[in-house]
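Shown here: structure_13.cif, mmCIF, C-alpha atoms and all ligand atoms.
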data_data
#
loop_
_atom_site.label_atom_id
_atom_site.label_comp_id
_atom_site.auth_asym_id
_atom_site.auth_seq_id
_atom_site.Cartn_x
_atom_site.Cartn_y
_atom_site.Cartn_z
CA MET A 1 -157.02 -158.11 -191.28
CA ARG A 2 -160.35 -158.07 -193.07
CA ILE A 3 -161.91 -154.77 -194.23
CA ASP A 4 -165.40 -154.57 -195.76
CA VAL A 5 -166.50 -151.24 -197.23
CA VAL A 6 -170.18 -150.60 -197.93
CA THR A 7 -170.97 -147.79 -200.39
CA ILE A 8 -173.44 -146.72 -203.07
CA PHE A 9 -170.44 -145.98 -205.34
CA PRO A 10 -168.25 -149.11 -205.44
CA PRO A 11 -166.28 -147.90 -208.51
CA LEU A 12 -165.07 -144.87 -206.54
CA LEU A 13 -163.28 -147.21 -204.16
CA ALA A 14 -162.23 -150.22 -206.20
CA GLY A 15 -159.38 -148.48 -208.02
CA ALA A 16 -158.08 -146.77 -204.91
CA PHE A 17 -157.10 -150.11 -203.38
CA GLU A 18 -155.30 -151.49 -206.42
CA HIS A 19 -152.04 -149.57 -206.25
CA SER A 20 -148.90 -149.09 -204.26
CA ILE A 21 -148.75 -150.13 -200.62
CA ILE A 22 -152.38 -151.25 -200.35
CA LYS A 23 -152.05 -153.43 -203.42
CA ARG A 24 -148.89 -155.00 -202.12
CA ALA A 25 -150.46 -155.62 -198.72
CA ARG A 26 -153.42 -157.32 -200.41
CA ASP A 27 -151.12 -159.38 -202.64
CA ARG A 28 -149.16 -160.49 -199.58
CA GLY A 29 -152.35 -161.52 -197.77
CA VAL A 30 -151.80 -158.89 -195.07
CA VAL A 31 -155.28 -157.48 -195.64
CA ASP A 32 -158.44 -158.74 -197.34
CA ILE A 33 -160.39 -155.70 -198.61
CA ARG A 34 -163.87 -156.13 -200.08
CA VAL A 35 -166.13 -153.42 -201.46
CA HIS A 36 -169.90 -153.97 -201.34
CA ASP A 37 -172.72 -152.12 -203.09
CA LEU A 38 -175.35 -150.97 -200.58
CA ARG A 39 -177.99 -151.37 -203.29
CA ASP A 40 -177.41 -155.12 -203.29
CA TYR A 41 -179.03 -155.09 -199.85
CA THR A 42 -182.26 -153.38 -200.89
CA ASP A 43 -185.41 -155.40 -201.61
CA ASP A 44 -187.41 -153.18 -203.96
CA ARG A 45 -187.32 -153.11 -207.74
CA HIS A 46 -185.68 -149.67 -207.81
CA ARG A 47 -182.97 -150.59 -205.27
CA THR A 48 -183.91 -147.55 -203.20
CA VAL A 49 -181.38 -146.42 -200.59
CA ASP A 50 -182.84 -143.05 -199.56
CA ASP A 51 -186.13 -141.36 -198.76
CA TYR A 52 -187.55 -137.98 -197.74
CA PRO A 53 -186.71 -136.68 -194.27
CA TYR A 54 -189.40 -136.89 -191.59
CA GLY A 55 -190.21 -133.36 -190.52
CA GLY A 56 -189.41 -131.99 -193.96
CA GLY A 57 -186.40 -130.10 -195.19
CA ALA A 58 -183.96 -130.30 -198.07
CA GLY A 59 -182.06 -133.36 -199.18
CA MET A 60 -182.67 -137.05 -198.79
CA VAL A 61 -181.88 -139.38 -195.91
CA MET A 62 -180.33 -142.81 -196.32
CA LYS A 63 -182.81 -145.50 -195.22
CA PRO A 64 -181.82 -147.76 -192.34
CA GLU A 65 -182.88 -151.16 -193.74
CA PRO A 66 -180.18 -151.62 -196.42
CA TRP A 67 -177.43 -150.72 -193.92
CA PHE A 68 -178.68 -153.21 -191.33
CA ARG A 69 -179.17 -155.93 -193.93
CA ALA A 70 -175.68 -155.33 -195.36
CA VAL A 71 -173.86 -155.40 -192.03
CA GLU A 72 -175.89 -158.30 -190.66
CA SER A 73 -175.27 -160.43 -193.73
CA LEU A 74 -171.55 -159.56 -193.77
CA ARG A 75 -171.45 -160.67 -190.14
CA VAL A 76 -173.10 -164.05 -190.70
CA ARG A 77 -169.73 -165.73 -190.99
CA GLY A 78 -166.66 -164.95 -188.97
CA ASN A 79 -165.66 -162.12 -186.70
CA PRO A 80 -168.38 -159.43 -186.31
CA GLY A 81 -165.66 -156.78 -186.48
CA ARG A 82 -166.10 -153.11 -185.73
CA ALA A 83 -168.61 -151.15 -187.83
CA VAL A 84 -167.36 -147.63 -188.53
CA LEU A 85 -169.75 -145.04 -189.96
CA LEU A 86 -168.03 -142.25 -191.92
CA THR A 87 -169.75 -138.87 -191.65
CA PRO A 88 -168.72 -135.27 -190.89
CA GLN A 89 -170.35 -135.65 -187.44
CA GLY A 90 -167.90 -138.31 -186.34
CA LYS A 91 -164.88 -138.21 -184.08
CA ARG A 92 -161.94 -136.67 -185.92
CA LEU A 93 -159.49 -139.23 -187.32
CA GLU A 94 -155.95 -138.90 -186.00
CA GLN A 95 -152.97 -141.24 -185.84
CA ARG A 96 -153.87 -142.47 -182.36
CA LEU A 97 -157.31 -143.57 -183.56
CA VAL A 98 -155.74 -145.11 -186.68
CA GLN A 99 -153.42 -147.11 -184.41
CA ARG A 100 -156.35 -148.44 -182.40
CA LEU A 101 -158.36 -149.39 -185.51
CA ALA A 102 -155.29 -151.09 -186.95
CA THR A 103 -155.37 -153.60 -184.07
CA GLU A 104 -158.86 -154.86 -185.01
CA ASP A 105 -159.20 -158.18 -186.84
CA ARG A 106 -162.02 -156.80 -188.93
CA LEU A 107 -163.48 -153.39 -189.87
CA ILE A 108 -166.79 -152.80 -191.61
CA VAL A 109 -166.65 -149.30 -193.08
CA LEU A 110 -169.96 -147.62 -193.91
CA CYS A 111 -169.81 -144.67 -196.33
CA GLY A 112 -172.61 -142.28 -195.48
CA ARG A 113 -173.59 -139.55 -197.84
CA TYR A 114 -173.41 -135.98 -196.76
CA GLU A 115 -177.12 -135.11 -196.62
CA GLY A 116 -177.73 -137.69 -193.97
CA VAL A 117 -178.11 -141.20 -192.69
CA ASP A 118 -181.09 -142.32 -190.60
CA GLU A 119 -180.09 -141.81 -186.98
CA ARG A 120 -180.83 -145.45 -186.10
CA VAL A 121 -177.81 -146.51 -188.18
CA ARG A 122 -175.43 -144.51 -186.01
CA GLU A 123 -177.26 -145.40 -182.82
CA TYR A 124 -177.86 -149.13 -183.21
CA LEU A 125 -175.61 -150.40 -186.00
CA ALA A 126 -172.34 -148.45 -186.02
CA ASP A 127 -169.85 -149.09 -183.24
CA GLU A 128 -168.28 -145.74 -183.91
CA GLU A 129 -168.61 -142.71 -186.14
CA ILE A 130 -165.56 -141.07 -187.68
CA SER A 131 -164.83 -137.91 -189.69
CA ILE A 132 -161.53 -137.26 -191.45
CA GLY A 133 -161.52 -133.51 -190.78
CA ASP A 134 -163.44 -130.31 -190.55
CA TYR A 135 -164.61 -129.87 -194.13
CA VAL A 136 -167.51 -131.27 -196.09
CA LEU A 137 -167.29 -134.12 -198.61
CA SER A 138 -170.27 -135.24 -200.68
CA GLY A 139 -169.94 -138.72 -199.27
CA GLY A 140 -167.81 -140.92 -197.05
CA GLU A 141 -166.01 -142.60 -199.96
CA PRO A 142 -162.90 -140.39 -200.05
CA ALA A 143 -162.79 -140.73 -196.25
CA ALA A 144 -162.89 -144.53 -196.60
CA VAL A 145 -159.86 -144.38 -198.89
CA VAL A 146 -158.02 -142.26 -196.30
CA LEU A 147 -158.99 -144.51 -193.40
CA VAL A 148 -158.13 -147.76 -195.17
CA ASP A 149 -154.76 -146.44 -196.36
CA ALA A 150 -153.80 -145.21 -192.89
CA VAL A 151 -154.87 -148.50 -191.24
CA VAL A 152 -153.32 -150.82 -193.82
CA ARG A 153 -149.89 -149.21 -193.71
CA LEU A 154 -149.72 -149.96 -189.99
CA GLN A 155 -150.24 -153.68 -190.51
CA PRO A 156 -147.15 -155.77 -189.88
CA ARG A 157 -145.56 -156.64 -193.25
CA ALA A 158 -147.51 -153.98 -195.19
CA LEU A 159 -144.47 -151.76 -195.57
CA GLY A 160 -141.00 -152.37 -196.87
CA SER A 161 -138.28 -151.51 -194.36
CA ALA A 162 -137.51 -148.20 -196.08
CA GLU A 163 -141.09 -146.96 -195.80
CA SER A 164 -141.61 -147.25 -192.08
CA THR A 165 -140.22 -143.97 -190.71
CA VAL A 166 -142.86 -141.33 -191.35
CA GLU A 167 -145.62 -142.38 -189.01
CA GLU A 168 -143.08 -143.26 -186.37
CA SER A 169 -142.15 -139.61 -186.13
CA PHE A 170 -145.82 -138.63 -186.33
CA ALA A 171 -146.67 -141.08 -183.60
CA GLU A 172 -143.87 -139.47 -181.54
CA GLY A 173 -145.76 -136.22 -181.97
CA LEU A 174 -143.38 -134.47 -184.37
CA LEU A 175 -143.46 -133.61 -188.06
CA GLU A 176 -140.82 -135.08 -190.36
CA TYR A 177 -137.47 -133.40 -191.04
CA PRO A 178 -136.69 -132.02 -194.54
CA GLN A 179 -135.44 -134.60 -197.04
CA TYR A 180 -133.06 -134.12 -199.96
CA THR A 181 -131.64 -136.28 -202.70
CA ARG A 182 -129.20 -135.61 -205.52
CA PRO A 183 -128.12 -133.31 -207.01
CA PRO A 184 -126.33 -131.43 -204.20
CA GLU A 185 -127.09 -128.15 -205.96
CA PHE A 186 -130.19 -127.56 -208.09
CA ARG A 187 -130.79 -124.16 -209.72
CA GLY A 188 -128.50 -122.65 -207.15
CA TRP A 189 -130.33 -124.16 -204.17
CA ARG A 190 -127.90 -126.19 -202.09
CA VAL A 191 -128.54 -129.18 -199.90
CA PRO A 192 -127.61 -128.29 -196.27
CA ASP A 193 -123.89 -128.99 -195.76
CA VAL A 194 -124.45 -131.13 -192.67
CA LEU A 195 -126.21 -133.78 -194.80
CA LEU A 196 -123.14 -134.07 -197.03
CA SER A 197 -120.71 -134.10 -194.10
CA GLY A 198 -120.82 -137.84 -193.37
CA ASP A 199 -121.10 -137.02 -189.63
CA HIS A 200 -124.05 -139.21 -188.61
CA GLY A 201 -124.27 -137.72 -185.14
CA ALA A 202 -124.46 -134.21 -186.59
CA VAL A 203 -127.07 -135.35 -189.12
CA ASP A 204 -129.22 -136.86 -186.33
CA ARG A 205 -129.00 -133.69 -184.24
CA TRP A 206 -129.85 -131.48 -187.23
CA ARG A 207 -132.86 -133.61 -188.13
CA ARG A 208 -134.19 -133.66 -184.59
CA GLY A 209 -133.80 -129.87 -184.42
CA GLN A 210 -135.62 -129.46 -187.74
CA GLN A 211 -138.46 -131.67 -186.54
CA GLN A 212 -138.89 -129.59 -183.40
CA GLU A 213 -138.64 -126.27 -185.20
CA ARG A 214 -141.09 -127.34 -187.91
CA THR A 215 -143.58 -128.69 -185.45
CA ARG A 216 -143.37 -125.51 -183.37
CA GLU A 217 -143.88 -123.31 -186.45
CA ARG A 218 -146.53 -125.30 -188.28
CA ARG A 219 -148.30 -127.40 -185.68
CA PRO A 220 -147.87 -125.90 -182.21
CA ASP A 221 -151.03 -127.81 -181.23
CA MET A 222 -149.00 -131.04 -181.45
CA LEU A 223 -146.56 -129.92 -178.73
CA GLU A 224 -147.62 -130.15 -175.09
CA ASP A 225 -146.43 -126.60 -174.45
CA GLY A 226 -147.90 -125.28 -177.73
CA GLY A 227 -151.67 -125.32 -178.06
CA GLY A 228 -152.11 -126.00 -174.34
CA SER A 229 -150.36 -123.71 -171.92
CA SER A 230 -149.67 -120.79 -174.28
CA GLN A 231 -153.32 -120.53 -175.30
CA GLN A 232 -156.16 -119.21 -173.21
CA SER A 233 -159.11 -121.55 -172.90
CL1 LIG A 301 -166.30 -139.15 -193.15
N1 LIG A 301 -167.88 -137.70 -194.70
C1 LIG A 301 -168.24 -136.57 -195.30
N2 LIG A 301 -169.32 -136.57 -196.07
N3 LIG A 301 -167.57 -135.42 -195.18
C2 LIG A 301 -166.48 -135.46 -194.40
C3 LIG A 301 -166.04 -136.61 -193.75
C4 LIG A 301 -166.78 -137.74 -193.92
N4 LIG A 301 -164.94 -136.31 -193.06
C5 LIG A 301 -164.72 -135.02 -193.29
N5 LIG A 301 -165.63 -134.50 -194.08
#

The structure given in the file should be rewritten as structure tokens.
Ligand code: 6GU
Amino acid sequence: MRIDVVTIFPPLLAGAFEHSIIKRARDRGVVDIRVHDLRDYTDDRHRTVDDYPYGGGAGMVMKPEPWFRAVESLRVRGNPGRAVLLTPQGKRLEQRLVQRLATEDRLIVLCGRYEGVDERVREYLADEEISIGDYVLSGGEPAAVVLVDAVVRLQPRALGSAESTVEESFAEGLLEYPQYTRPPEFRGWRVPDVLLSGDHGAVDRWRRGQQQERTRERRPDMLEDGGGSSQQS
């Protein structure tokens, strides 16, 4: 998979993709991630990427031309890919959407800044607009790190065999069960006996029960009978 990220702050992103699972996936050739500076696609001496809003008001608006020039020149060779604009106005990112994006051959991720992006970028350049949650970031860069991490770890061969369980349970619509490692007692707090019992059937049943209980307590919205039927709409 190829991922291009376009940003006015390349250094914010470069380091984020050089560790752990993303680094290994890049080293294995599973994903080719490239970070591009939006200012390289300006044509004035000051490398201007924003301007005053028509109609007045506070803050600056990101100009359309550098975005179009960036995406169009990235698309000159190879698969056009899917251009994803990251802003707080986008569709909320969730595992289902991550799974769909992970099947693309190429993503072009556009990091908007919070004050605004000229509407023509979302209307005529971006294929979709995504937010990572209901809070405000100064720019799309932290969201790009989140999106790329979530997508890369779903690529075949990105994960070692031991790392593959967590989003399976999330994709099944349940939170993970509690995990413990040695020692069996720490400051008086004991690991649940069932985990030390050696009874694999009992362990499986306990874990499944913990997943259901946790999900019901913490995330009733994830259960069909939770947010839906018990809540008035
Ligand atoms: Cl994608 N961008 C910004 N600026 N804020 C956000 C976001 C994105 N997702 C949640 N908050």

Cut-off 10 Å, all atoms listed in the file, neighbours of ligand LIG 301 (chain A) as an mmCIF file with C-alpha atoms, in the frame of the given file:
data_model
loop_
_atom_site.group_PDB
_atom_site.id
_atom_site.type_symbol
_atom_site.label_atom_id
_atom_site.label_comp_id
_atom_site.auth_asym_id
_atom_site.auth_seq_id
_atom_site.Cartn_x
_atom_site.Cartn_y
_atom_site.Cartn_z
ATOM 1 C CA VAL A 84 -167.360 -147.630 -188.530
ATOM 2 C CA LEU A 85 -169.750 -145.040 -189.960
ATOM 3 C CA LEU A 86 -168.030 -142.250 -191.920
ATOM 4 C CA THR A 87 -169.750 -138.870 -191.650
ATOM 5 C CA PRO A 88 -168.720 -135.270 -190.890
ATOM 6 C CA GLN A 89 -170.350 -135.650 -187.440
ATOM 7 C CA GLY A 90 -167.900 -138.310 -186.340
ATOM 8 C CA LYS A 91 -164.880 -138.210 -184.080
ATOM 9 C CA ARG A 92 -161.940 -136.670 -185.920
ATOM 10 C CA LEU A 93 -159.490 -139.230 -187.320
ATOM 11 C CA LEU A 110 -169.960 -147.620 -193.910
ATOM 12 C CA CYS A 111 -169.810 -144.670 -196.330
ATOM 13 C CA GLY A 112 -172.610 -142.280 -195.480
ATOM 14 C CA ARG A 113 -173.590 -139.550 -197.840
ATOM 15 C CA TYR A 114 -173.410 -135.980 -196.760
ATOM 16 C CA GLU A 115 -177.120 -135.110 -196.620
ATOM 17 C CA GLY A 116 -177.730 -137.690 -193.970
ATOM 18 C CA GLU A 129 -168.610 -142.710 -186.140
ATOM 19 C CA ILE A 130 -165.560 -141.070 -187.680
ATOM 20 C CA SER A 131 -164.830 -137.910 -189.690
ATOM 21 C CA ILE A 132 -161.530 -137.260 -191.450
ATOM 22 C CA GLY A 133 -161.520 -133.510 -190.780
ATOM 23 C CA ASP A 134 -163.440 -130.310 -190.550
ATOM 24 C CA TYR A 135 -164.610 -129.870 -194.130
ATOM 25 C CA VAL A 136 -167.510 -131.270 -196.090
ATOM 26 C CA LEU A 137 -167.290 -134.120 -198.610
ATOM 27 C CA SER A 138 -170.270 -135.240 -200.680
ATOM 28 C CA GLY A 139 -169.940 -138.720 -199.270
ATOM 29 C CA GLY A 140 -167.810 -140.920 -197.050
ATOM 30 C CA GLU A 141 -166.010 -142.600 -199.960
ATOM 31 C CA PRO A 142 -162.900 -140.390 -200.050
ATOM 32 C CA ALA A 143 -162.790 -140.730 -196.250
ATOM 33 C CA ALA A 144 -162.890 -144.530 -196.600
ATOM 34 C CA VAL A 146 -158.020 -142.260 -196.300
ATOM 35 C CA LEU A 147 -158.990 -144.510 -193.400
#

> For Gly78 (chain A), which residue out of A:Asp37, A:Glu123, A:Asp105, A:Asp193 is the nearest one, using all atoms listed in the file?
Replying inline: A:Asp105

>> Using only C-alpha atoms, can you tell me which of A:Val121, A:Val109, A:Leu101, A:Ile21 comes closest to Arg153 (chain A)?
In response: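 Closest to Arg153 (chain A) of all the choices is A:Ile21.
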
> Nearest to Gly160 (chain A) among A:Ala126, A:Met60, A:Ile22, A:Val148, with distances taken over only C-alpha atoms: which residue is it?
Replying inline: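 Using only C-alpha atoms, the shortest distance to Gly160 (chain A) belongs to A:Ile22.
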
>> Which residues are near Gly209 (chain A)? Cut-off 12 Å, only C-alpha atoms, ignore same chain within fewer than 4 positions. Put them as a VMD selection string.
In response: chain A and resid 174 to 178 202 to 205 213 to 216

> From the list A:Asp221, A:Glu72, A:Asp118, A:Glu185, which residue is nearest Asp51 (chain A) when using only C-alpha atoms?
Replying inline: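 Among the listed residues, the smallest separation from Asp51 (chain A) belongs to A:Asp118.
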
> What gap, in Å, lies between CA of Ala102 (chain A) and CA of Ala14 (chain A)?
Replying inline: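 Calculated distance between CA of Ala102 (chain A) and CA of Ala14 (chain A) is 20.5 Å.
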
> Which one of A:Leu195, A:Arg39, A:Glu163, A:Val117 sits closest to Gly59 (chain A) if you count only C-alpha atoms?
Replying inline: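 Of A:Leu195, A:Arg39, A:Glu163, A:Val117, the one nearest Gly59 (chain A) is A:Val117, counting only C-alpha atoms.
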
Find the axis-aligned box for region 147-156 of chain A, covering all its listed atoms and adding 3 Å on each side, and write its centre and edge lengths in Å to one decimal as AutoDock Vina command-line options.
--center_x -153.1 --center_y -150.1 --center_z -193.1 --size_x 17.8 --size_y 17.3 --size_z 12.5

> Which residue out of A:Val49, A:Val30, A:Val35, A:Leu223 has the minimum interatomic distance to Leu159 (chain A) when all atoms listed in the file are used?
Replying inline: A:Val30

> Between CA of Ser73 (chain A) and CA of Tyr54 (chain A), what is the spacing in Å?
Replying inline: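 About the pair CA of Tyr54 (chain A) and CA of Ser73 (chain A): they are 27.5 Å apart.
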
>> Report, in Å with one decimal, the straight-line distance from CA of Gln95 (chain A) to CA of Glu167 (chain A).
In response: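 Rounded to one decimal, the two atoms are 8.1 Å apart.
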
>> Need the shell around Ala25 (chain A): protein/DNA/RNA residues with any atom at most 12 Å away, counting all atoms listed in the file. Skip same-chain ones fewer than 2 positions apart. Format as a ChimeraX atom specification?
In response: /A:1-2,17-23,27-33,148-149,151-160
